[in-house]
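Peer 1: Dropping in structure.txt, with compact mmCIF, C-alpha atoms.
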# COMPACT_ATOMS: atom_id res chain seq x y z
CA MET A 1 134.04 130.87 98.45
CA LYS A 2 133.74 127.09 98.35
CA ILE A 3 133.38 125.47 101.77
CA ASP A 4 135.49 122.39 102.52
CA TRP A 5 132.86 120.53 104.53
CA ASP A 6 135.19 117.62 105.29
CA ARG A 7 137.98 119.63 106.91
CA ARG A 8 135.48 121.99 108.53
CA THR A 9 133.83 119.04 110.28
CA CYS A 10 137.14 117.42 111.24
CA ALA A 11 138.29 120.71 112.77
CA ARG A 12 135.19 120.68 114.99
CA ARG A 13 134.81 116.98 115.77
CA GLY A 14 138.22 115.47 115.15
CA HIS A 15 139.46 112.94 112.60
CA VAL A 16 138.16 109.40 112.07
CA THR A 17 140.74 106.73 111.16
CA TYR A 18 140.34 103.02 110.50
CA ALA A 19 142.76 100.20 109.69
CA PRO A 20 141.15 97.66 107.33
CA ASP A 21 142.30 94.03 107.39
CA GLU A 22 142.56 93.84 103.59
CA PRO A 23 146.30 94.31 102.77
CA ARG A 24 145.86 96.20 99.48
CA LEU A 25 143.37 98.64 101.05
CA ARG A 26 145.42 98.91 104.24
CA GLU A 27 148.46 100.04 102.23
CA ARG A 28 146.47 102.88 100.66
CA LEU A 29 145.38 104.22 104.04
CA TYR A 30 148.69 103.83 105.91
CA ALA A 31 151.92 105.82 105.80
CA GLY A 32 155.09 105.36 107.83
CA THR A 33 156.74 108.60 108.94
CA ALA A 34 159.75 109.60 111.06
CA LEU A 35 157.28 110.39 113.87
CA GLY A 36 155.47 107.06 113.63
CA ALA A 37 152.52 105.50 111.85
CA ALA A 38 149.94 107.74 110.19
CA TRP A 39 146.46 106.77 108.96
CA ARG A 40 144.19 108.58 106.53
CA CYS A 41 141.12 110.21 107.98
CA LEU A 42 137.98 108.65 106.51
CA ARG A 43 136.36 112.09 106.34
CA CYS A 44 138.91 114.63 105.09
CA GLY A 45 141.57 112.26 103.68
CA ASP A 46 144.49 113.80 105.62
CA PHE A 47 147.05 111.51 107.26
CA VAL A 48 146.84 111.56 111.05
CA LEU A 49 149.64 110.42 113.37
CA GLY A 50 148.83 107.77 115.94
CA GLU A 51 146.95 104.52 116.22
CA PRO A 52 143.74 104.16 114.19
CA HIS A 53 140.44 104.63 115.97
CA GLY A 54 139.29 101.22 114.78
CA SER A 55 140.30 98.18 112.77
CA GLY A 56 138.78 95.15 111.11
CA PRO A 57 137.22 94.19 107.78
CA ALA A 58 136.52 97.11 105.45
CA GLU A 59 132.82 96.26 105.42
CA HIS A 60 132.69 96.91 109.18
CA ALA A 61 134.27 100.37 108.91
CA PRO A 62 132.05 103.29 109.94
CA LEU A 63 130.29 105.05 107.07
CA VAL A 64 131.58 108.57 107.65
CA PRO A 65 129.63 111.36 105.88
CA ARG A 66 131.76 113.30 103.40
CA GLY A 67 131.41 116.14 100.90
CA LYS A 68 127.87 116.68 99.64
CA VAL A 69 126.47 114.38 102.33
CA LEU A 70 127.96 116.65 105.01
CA ARG A 71 126.48 119.71 103.31
CA ASP A 72 123.06 118.07 103.26
CA LEU A 73 123.44 117.23 106.95
CA PHE A 74 124.23 120.88 107.71
CA VAL A 75 121.06 122.00 105.89
CA LEU A 76 118.95 119.40 107.72
CA ARG A 77 120.26 120.59 111.08
CA PHE A 78 119.51 124.20 110.18
CA LEU A 79 115.93 123.13 109.44
CA ALA A 80 115.90 121.13 112.69
CA VAL A 81 116.80 124.23 114.71
CA GLU A 82 114.13 126.25 112.91
CA ARG A 83 111.52 123.54 113.66
CA ALA A 84 112.60 123.34 117.30
CA VAL A 85 112.31 127.11 117.81
CA ARG A 86 108.91 127.15 116.13
CA GLY A 87 107.76 124.19 118.21
CA VAL A 88 108.74 125.88 121.48
CA PHE A 89 106.87 129.07 120.54
CA VAL A 90 103.76 127.08 119.60
CA VAL A 91 103.92 125.25 122.95
CA LEU A 92 104.01 128.62 124.72
CA ALA A 93 101.06 129.79 122.62
CA ALA A 94 99.10 126.64 123.51
CA LEU A 95 99.79 127.18 127.21
CA ALA A 96 98.73 130.82 126.91
CA VAL A 97 95.42 129.89 125.23
CA TRP A 98 94.74 127.18 127.84
CA LYS A 99 95.47 129.55 130.71
CA PHE A 100 93.34 132.25 129.07
CA SER A 101 90.43 129.79 128.73
CA ASN A 102 90.47 129.22 132.49
CA SER A 103 90.69 132.90 133.49
CA ARG A 104 88.89 134.64 130.64
CA ASP A 105 86.75 136.91 132.82
CA ALA A 106 89.75 138.21 134.76
CA VAL A 107 91.68 138.86 131.54
CA ARG A 108 88.66 140.65 130.05
CA ARG A 109 88.39 142.96 133.06
CA LEU A 110 92.12 143.71 132.89
CA PHE A 111 91.85 144.40 129.15
CA ASP A 112 88.91 146.81 129.69
CA GLU A 113 90.83 148.65 132.42
CA TYR A 114 93.84 149.16 130.15
CA LEU A 115 91.52 150.18 127.32
CA ASP A 116 90.01 152.91 129.52
CA VAL A 117 93.50 154.19 130.33
CA PHE A 118 94.71 154.34 126.72
CA ARG A 119 91.46 155.52 125.09
CA PRO A 120 92.05 159.28 125.82
CA VAL A 121 95.65 159.02 124.60
CA PHE A 122 94.62 157.52 121.26
CA ARG A 123 91.72 159.96 120.96
CA HIS A 124 94.25 162.79 121.22
CA PHE A 125 95.90 161.40 118.04
CA HIS A 126 92.47 161.07 116.36
CA TYR A 127 92.49 157.29 116.48
CA ASP A 128 89.29 155.47 117.40
CA LEU A 129 90.58 152.69 119.63
CA ASP A 130 87.12 151.12 120.06
CA HIS A 131 86.93 150.34 116.33
CA SER A 132 90.52 149.16 115.98
CA PRO A 133 90.88 145.81 114.16
CA VAL A 134 93.17 144.55 116.94
CA VAL A 135 90.69 145.47 119.67
CA ASP A 136 87.83 143.91 117.68
CA THR A 137 89.82 140.67 117.32
CA VAL A 138 90.57 140.55 121.06
CA ARG A 139 86.92 141.17 121.91
CA ARG A 140 85.80 138.39 119.57
CA THR A 141 88.24 136.09 121.34
CA PHE A 142 86.54 136.84 124.65
CA GLY A 143 83.31 135.58 123.10
CA TYR A 144 84.70 132.13 122.34
CA ARG A 145 83.41 129.31 124.48
CA HIS A 146 85.69 127.56 126.95
CA GLY A 147 85.50 124.30 124.99
CA THR A 148 86.53 126.07 121.77
CA LEU A 149 89.59 127.62 123.42
CA VAL A 150 90.59 124.28 124.93
CA LEU A 151 90.30 122.68 121.47
CA VAL A 152 92.52 125.42 120.00
CA ALA A 153 95.09 124.80 122.75
CA VAL A 154 95.07 121.03 122.06
CA LEU A 155 95.47 121.57 118.29
CA LEU A 156 98.35 123.98 118.88
CA LEU A 157 100.01 121.50 121.21
CA ALA A 158 99.62 118.69 118.64
CA TYR A 159 101.19 120.93 115.98
CA ALA A 160 104.06 121.73 118.36
CA VAL A 161 104.68 118.03 118.98
CA VAL A 162 104.91 117.40 115.23
CA GLU A 163 107.40 120.27 114.88
CA LEU A 164 109.56 119.00 117.75
CA VAL A 165 109.51 115.42 116.44
CA GLU A 166 110.59 116.75 113.05
CA ALA A 167 113.40 118.70 114.72
CA VAL A 168 114.80 115.65 116.51
CA GLY A 169 114.53 113.42 113.44
CA LEU A 170 116.11 115.99 111.10
CA TRP A 171 118.98 116.63 113.54
CA TYR A 172 119.88 112.93 113.40
CA ALA A 173 119.15 112.75 109.63
CA ARG A 174 116.47 110.08 109.98
CA ARG A 175 114.74 109.29 106.71
CA TRP A 176 111.29 109.02 108.34
CA ALA A 177 111.75 112.60 109.60
CA GLU A 178 112.47 113.78 106.05
CA TYR A 179 109.20 112.24 104.84
CA LEU A 180 107.33 113.70 107.83
CA THR A 181 108.79 117.15 107.21
CA VAL A 182 107.85 117.14 103.53
CA VAL A 183 104.28 115.92 104.15
CA ALA A 184 103.60 118.16 107.16
CA THR A 185 105.15 121.28 105.61
CA ALA A 186 103.41 120.78 102.26
CA ALA A 187 100.07 120.30 104.05
CA PHE A 188 100.32 123.75 105.63
CA LEU A 189 101.43 125.60 102.49
CA PRO A 190 97.85 126.31 101.30
CA LEU A 191 97.05 127.83 104.71
CA GLU A 192 100.13 130.06 104.53
CA VAL A 193 99.13 131.22 101.04
CA TYR A 194 95.61 131.96 102.31
CA GLU A 195 97.02 134.03 105.19
CA LEU A 196 98.96 136.10 102.66
CA THR A 197 95.74 136.87 100.80
CA GLU A 198 94.29 138.18 104.07
CA ARG A 199 97.28 140.25 105.10
CA VAL A 200 100.77 140.52 103.60
CA SER A 201 103.83 140.79 105.84
CA GLY A 202 107.54 140.26 105.36
CA LEU A 203 107.62 137.51 108.01
CA LYS A 204 104.81 135.57 106.33
CA ILE A 205 106.49 135.82 102.91
CA ALA A 206 109.85 134.71 104.34
CA THR A 207 108.24 131.77 106.16
CA LEU A 208 106.39 130.65 103.02
CA LEU A 209 109.52 130.82 100.86
CA LEU A 210 111.58 128.97 103.48
CA ASN A 211 109.01 126.17 103.69
CA ILE A 212 108.75 125.86 99.89
CA LEU A 213 112.55 125.69 99.55
CA ALA A 214 112.76 123.17 102.40
CA VAL A 215 110.21 120.87 100.73
CA LEU A 216 111.91 121.06 97.33
CA TYR A 217 115.41 120.61 98.77
CA ILE A 218 114.55 117.57 100.87
CA LEU A 219 112.51 115.99 98.07
CA LEU A 220 115.31 116.29 95.52
CA ALA A 221 118.45 115.99 97.66
CA LYS A 222 117.15 113.01 99.64
CA ARG A 223 115.41 111.42 96.65
CA LEU A 224 112.12 110.91 98.48
CA PHE A 225 109.05 109.21 96.98
CA GLY A 226 111.20 107.57 94.31
CA LEU A 227 112.52 110.83 92.86
CA ARG A 228 115.95 110.70 91.16
CA GLY A 229 116.25 106.96 91.71
CA GLY A 230 114.74 106.84 95.18
CA HIS A 231 116.27 105.28 98.30
CA ARG A 232 118.56 102.90 96.40
CA ALA A 233 120.20 105.76 94.51
CA PHE A 234 120.48 107.75 97.74
CA GLU A 235 122.31 104.91 99.52
CA ALA A 236 124.56 104.40 96.51
CA GLU A 237 125.46 108.09 96.59
CA ARG A 238 126.32 107.89 100.29
CA HIS A 239 128.58 104.88 99.77
CA SER A 240 130.22 106.36 96.68
CA ALA A 241 131.37 109.27 98.87
CA SER A 242 133.02 106.93 101.40
CA LEU A 243 136.82 107.15 101.38
CA LEU A 244 137.12 103.39 101.83
CA GLU A 245 134.90 102.81 98.80
CA VAL A 246 136.96 105.28 96.75
CA GLU A 247 140.28 103.74 97.75
CA GLU A 248 139.01 100.21 97.26
CA ALA A 249 137.83 101.10 93.76
CA GLY A 250 141.19 102.75 93.08
CA GLY A 251 143.02 99.62 94.19
CA VAL A 252 140.87 97.43 91.96
CA ARG A 253 141.55 99.69 88.95
CA GLU A 254 145.30 99.65 89.59
CA PHE A 255 145.31 95.88 90.00
CA SER A 256 143.32 95.47 86.78
CA ALA A 257 145.66 97.79 84.88
CA SER A 258 148.78 95.99 86.10
CA SER A 259 147.28 92.59 85.22
CA GLN A 260 146.52 93.78 81.68
CA ALA A 261 150.07 95.12 81.31
CA SER A 262 151.52 91.82 82.49
CA GLY A 263 149.33 89.96 80.03
CA ARG A 264 150.57 92.06 77.12
CA ARG A 265 154.15 91.42 78.07
Before we go any further, please render this structure as C-alpha cells.
Peer 2:
Amino acid sequence: MKIDWDRRTCARRGHVTYAPDEPRLRERLYAGTALGAAWRCLRCGDFVLGEPHGSGPAEHAPLVPRGKVLRDLFVLRFLAVERAVRGVFVVLAALAVWKFSNSRDAVRRLFDEYLDVFRPVFRHFHYDLDHSPVVDTVRRTFGYRHGTLVLVAVLLLAYAVVELVEAVGLWYARRWAEYLTVVATAAFLPLEVYELTERVSGLKIATLLLNILAVLYILLAKRLFGLRGGHRAFEAERHSASLLEVEEAGGVREFSASSQASGRR
C-alpha cells in the first residue's frame, strides 16, 4: 500500500497555507467558496478554508517538505531514535564501568559469594561453572587495572556522545549530521564484522545489516560526498518538490502557451 506522506503529515501537524504577492501565482493557490476564501496547503495541495498562515513574495514562502523529502525525513528520524536509544544504553554502560572501577573489590567478593551459592546447583546438571566462558570473562575483568577501566568508561562515554549528537542532528535533518552518521557508522563496520567472526548472534547480524543499509541510504538519498550530483542536485530536488515551485512553473508554461497561440492568430 502506497503511503501518502503529504496527507499523513498534514493530519498530524496541520496544513500550511501561504498567499503569494504575485497575482498569477496567487490565483493558482486561491479559491472562493460559499463558505469563504480557501487556500491550497503547500504540503498536501488540498484547499483549506480560512486566512492563509502567511503572505508575501513567493521567494519568502516556507519551503515545506513534500513527497519523497517527507519519506526521507521519516527514515532519518527512525535512525535518530535508534541512535538515541543506543546512546543512552552506552551512557549507562559507561557509568557502570566507572562505578565498578571504584568498587571492584566489593563487587568481586559479591560475585564469589553468588558463585559459591550457584556452584552446587550447576554441578547437579553436570555443568562446570568454574570453567564457564562467562565466569572466565568476568574474572579477567576483575584483573584489569583501575586506570584501564576508567579509560574504557571514558571511551564509552565519548561514543555515547557521538551517538546522541547524531540523533539530534538526524532528527532535525541537518546535513552535517548525515555526514557524521555515515563516517562514524562506516568506521565501526569492520569492528562489527570482526565480532561476528568471534561469535554469531541474531542481534549482531541485525545491527550490522541496519548500519550498512543506513550508510547506503543516507549516501544515496542525500547525495553525500558528491554522489548523484551532490549538494546542488539535492537542493534542486527539494525545491522541485515545493508546491509553489510547481505552480509557478505551471503558470509560466500556460502563459507561454497562450502567448504562442496569440502569435499564431
Peer 1: From the set A:Thr181, A:Arg174, A:Ala31, A:Cys10, which residue has the shortest atom-to-atom contact distance to A:Tyr217, counting only C-alpha atoms?
Peer 2: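 Looking only at the distances to A:Tyr217, the closest residue turns out to be A:Thr181.
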Peer 1: Nearest to A:Glu178 among A:Arg66, A:Glu113, A:Leu208, A:Leu219, with distances taken over only C-alpha atoms: which residue is it?
Peer 2: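 Checking each of A:Arg66, A:Glu113, A:Leu208, A:Leu219 against A:Glu178, counting only C-alpha atoms, the winner is A:Leu219.
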Peer 1: Within 7 Å of (139.7, 111.3, 100.8) (coordinates as in the file), grab all the protein and nucleic acid residues, counting all atoms listed in the file, and write them out as a PyMOL selection string.
Peer 2: chain A and resi 42-45+243
Peer 1: For A:Ile218, which residue among A:Val48, A:Val182, A:Arg140, A:Ala173 is the nearest when counting all atoms listed in the file?
Peer 2: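 Among A:Val48, A:Val182, A:Arg140, A:Ala173, it is A:Val182 that comes nearest to A:Ile218.
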Peer 1: Would you list the contacts of stretch 214-216 of chain A as a list in words, taking every protein, DNA or RNA residue within 10 Å and counting only C-alpha atoms, but skipping same-chain residues closer than 4 positions in sequence?
Peer 2: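 Counting only the stated atoms, we get Val75, Leu76, Leu79, Glu178, Tyr179, Thr181, Val182, Val183, Ala184, Thr185, Ala186, Leu208, Leu209, Leu210, Leu220, Ala221 and Lys222 of chain A.
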Peer 1: Check the smallest atom-to-atom distance from each of A:Arg7, A:Arg119, A:His15, A:His146 to A:Leu70 using all atoms listed in the file, then report the winner.
Peer 2: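 Residue with the minimum atom-to-atom distance to A:Leu70: A:Arg7.
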Peer 1: Between atom CA of A:Arg8 and atom CA of A:Asn211, what is the spacing in Å?
Peer 2: 27.2 Å
Peer 1: Quick one, how far is atom CA of A:Trp98 from atom CA of A:Val165?
Peer 2: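 Rounded to one decimal, the two atoms are 22.1 Å apart.
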Peer 1: State, in Å with one decimal place, the distance from atom CA of A:Leu25 to atom CA of A:Arg71.
Peer 2: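 Taking atom CA of A:Leu25 as the start and atom CA of A:Arg71 as the end point, the length is 27.1 Å.
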Peer 1: Restricting the calculation to all atoms listed in the file, which member of A:Pro23, A:Val154, A:Asp6, A:Asp72 is positioned closest to A:Cys41?
Peer 2: A:Asp6
Peer 1: Nearest to A:Val81: which of A:Leu203, A:Ser242, A:Ile212, A:Leu170 is it, counting only C-alpha atoms?
Peer 2: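 Result for the nearest residue to A:Val81: A:Leu170.
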Peer 1: Please list as a PyMOL selection string every residue within 6 Å of A:Pro57, counting all atoms listed in the file and excluding residues in the same chain fewer than 3 positions away.
Peer 2: chain A and resi 20-21+60
Peer 1: Which residues, protein or nucleic acid, reach to within 12 Å of (100.7, 135.3, 101.2) in the file's coordinates when using only C-alpha atoms, and can you give that as number ranges by chain?
Peer 2: A: 189-209
Peer 1: Find the axis-aligned box for stretch 178-182 of chain A, covering all its listed atoms and adding 4 Å on each side, and write its centre and edge lengths in Å to one decimal as AutoDock Vina command-line options.
Peer 2:
--center_x 109.9 --center_y 114.7 --center_z 105.7 --size_x 13.1 --size_y 12.9 --size_z 12.3
Peer 1: Taking the structure I provided as the source, export stretch 150-166 of chain A with N, CA, C and O atoms, as a PDB file, in the first residue's frame.
Peer 2:
ATOM      1  N   VAL A 150      38.851   2.972  33.844  1.00  0.00           N
ATOM      2  CA  VAL A 150      38.456   4.375  33.679  1.00  0.00           C
ATOM      3  C   VAL A 150      38.568   4.780  32.211  1.00  0.00           C
ATOM      4  O   VAL A 150      37.698   5.484  31.679  1.00  0.00           O
ATOM      5  N   LEU A 151      39.624   4.326  31.530  1.00  0.00           N
ATOM      6  CA  LEU A 151      39.781   4.627  30.104  1.00  0.00           C
ATOM      7  C   LEU A 151      38.636   4.033  29.289  1.00  0.00           C
ATOM      8  O   LEU A 151      38.103   4.687  28.384  1.00  0.00           O
ATOM      9  N   VAL A 152      38.245   2.795  29.613  1.00  0.00           N
ATOM     10  CA  VAL A 152      37.111   2.165  28.926  1.00  0.00           C
ATOM     11  C   VAL A 152      35.841   2.988  29.138  1.00  0.00           C
ATOM     12  O   VAL A 152      35.055   3.213  28.201  1.00  0.00           O
ATOM     13  N   ALA A 153      35.631   3.451  30.379  1.00  0.00           N
ATOM     14  CA  ALA A 153      34.440   4.258  30.677  1.00  0.00           C
ATOM     15  C   ALA A 153      34.450   5.557  29.873  1.00  0.00           C
ATOM     16  O   ALA A 153      33.411   5.984  29.343  1.00  0.00           O
ATOM     17  N   VAL A 154      35.617   6.199  29.765  1.00  0.00           N
ATOM     18  CA  VAL A 154      35.719   7.459  29.016  1.00  0.00           C
ATOM     19  C   VAL A 154      35.446   7.221  27.528  1.00  0.00           C
ATOM     20  O   VAL A 154      34.736   7.995  26.877  1.00  0.00           O
ATOM     21  N   LEU A 155      36.016   6.134  26.971  1.00  0.00           N
ATOM     22  CA  LEU A 155      35.789   5.827  25.558  1.00  0.00           C
ATOM     23  C   LEU A 155      34.317   5.522  25.284  1.00  0.00           C
ATOM     24  O   LEU A 155      33.759   5.948  24.263  1.00  0.00           O
ATOM     25  N   LEU A 156      33.685   4.787  26.197  1.00  0.00           N
ATOM     26  CA  LEU A 156      32.256   4.502  26.042  1.00  0.00           C
ATOM     27  C   LEU A 156      31.438   5.783  26.097  1.00  0.00           C
ATOM     28  O   LEU A 156      30.492   5.971  25.321  1.00  0.00           O
ATOM     29  N   LEU A 157      31.803   6.678  27.002  1.00  0.00           N
ATOM     30  CA  LEU A 157      31.076   7.939  27.119  1.00  0.00           C
ATOM     31  C   LEU A 157      31.252   8.789  25.860  1.00  0.00           C
ATOM     32  O   LEU A 157      30.301   9.417  25.388  1.00  0.00           O
ATOM     33  N   ALA A 158      32.476   8.803  25.302  1.00  0.00           N
ATOM     34  CA  ALA A 158      32.720   9.559  24.066  1.00  0.00           C
ATOM     35  C   ALA A 158      31.885   8.987  22.913  1.00  0.00           C
ATOM     36  O   ALA A 158      31.307   9.740  22.115  1.00  0.00           O
ATOM     37  N   TYR A 159      31.811   7.660  22.837  1.00  0.00           N
ATOM     38  CA  TYR A 159      31.000   7.014  21.806  1.00  0.00           C
ATOM     39  C   TYR A 159      29.522   7.371  21.979  1.00  0.00           C
ATOM     40  O   TYR A 159      28.807   7.641  21.009  1.00  0.00           O
ATOM     41  N   ALA A 160      29.069   7.401  23.240  1.00  0.00           N
ATOM     42  CA  ALA A 160      27.674   7.751  23.519  1.00  0.00           C
ATOM     43  C   ALA A 160      27.371   9.185  23.100  1.00  0.00           C
ATOM     44  O   ALA A 160      26.293   9.473  22.555  1.00  0.00           O
ATOM     45  N   VAL A 161      28.315  10.093  23.346  1.00  0.00           N
ATOM     46  CA  VAL A 161      28.117  11.489  22.946  1.00  0.00           C
ATOM     47  C   VAL A 161      27.967  11.600  21.433  1.00  0.00           C
ATOM     48  O   VAL A 161      27.095  12.326  20.929  1.00  0.00           O
ATOM     49  N   VAL A 162      28.811  10.866  20.690  1.00  0.00           N
ATOM     50  CA  VAL A 162      28.703  10.876  19.226  1.00  0.00           C
ATOM     51  C   VAL A 162      27.327  10.375  18.792  1.00  0.00           C
ATOM     52  O   VAL A 162      26.680  10.967  17.908  1.00  0.00           O
ATOM     53  N   GLU A 163      26.855   9.289  19.409  1.00  0.00           N
ATOM     54  CA  GLU A 163      25.548   8.733  19.057  1.00  0.00           C
ATOM     55  C   GLU A 163      24.424   9.732  19.343  1.00  0.00           C
ATOM     56  O   GLU A 163      23.501   9.900  18.532  1.00  0.00           O
ATOM     57  N   LEU A 164      24.492  10.405  20.483  1.00  0.00           N
ATOM     58  CA  LEU A 164      23.438  11.356  20.849  1.00  0.00           C
ATOM     59  C   LEU A 164      23.476  12.602  19.969  1.00  0.00           C
ATOM     60  O   LEU A 164      22.426  13.152  19.609  1.00  0.00           O
ATOM     61  N   VAL A 165      24.672  13.046  19.600  1.00  0.00           N
ATOM     62  CA  VAL A 165      24.789  14.182  18.670  1.00  0.00           C
ATOM     63  C   VAL A 165      24.213  13.802  17.311  1.00  0.00           C
ATOM     64  O   VAL A 165      23.488  14.589  16.684  1.00  0.00           O
ATOM     65  N   GLU A 166      24.518  12.597  16.854  1.00  0.00           N
ATOM     66  CA  GLU A 166      23.929  12.104  15.605  1.00  0.00           C
ATOM     67  C   GLU A 166      22.405  12.119  15.698  1.00  0.00           C
ATOM     68  O   GLU A 166      21.717  12.533  14.761  1.00  0.00           O
TER      69      GLU A 166
END
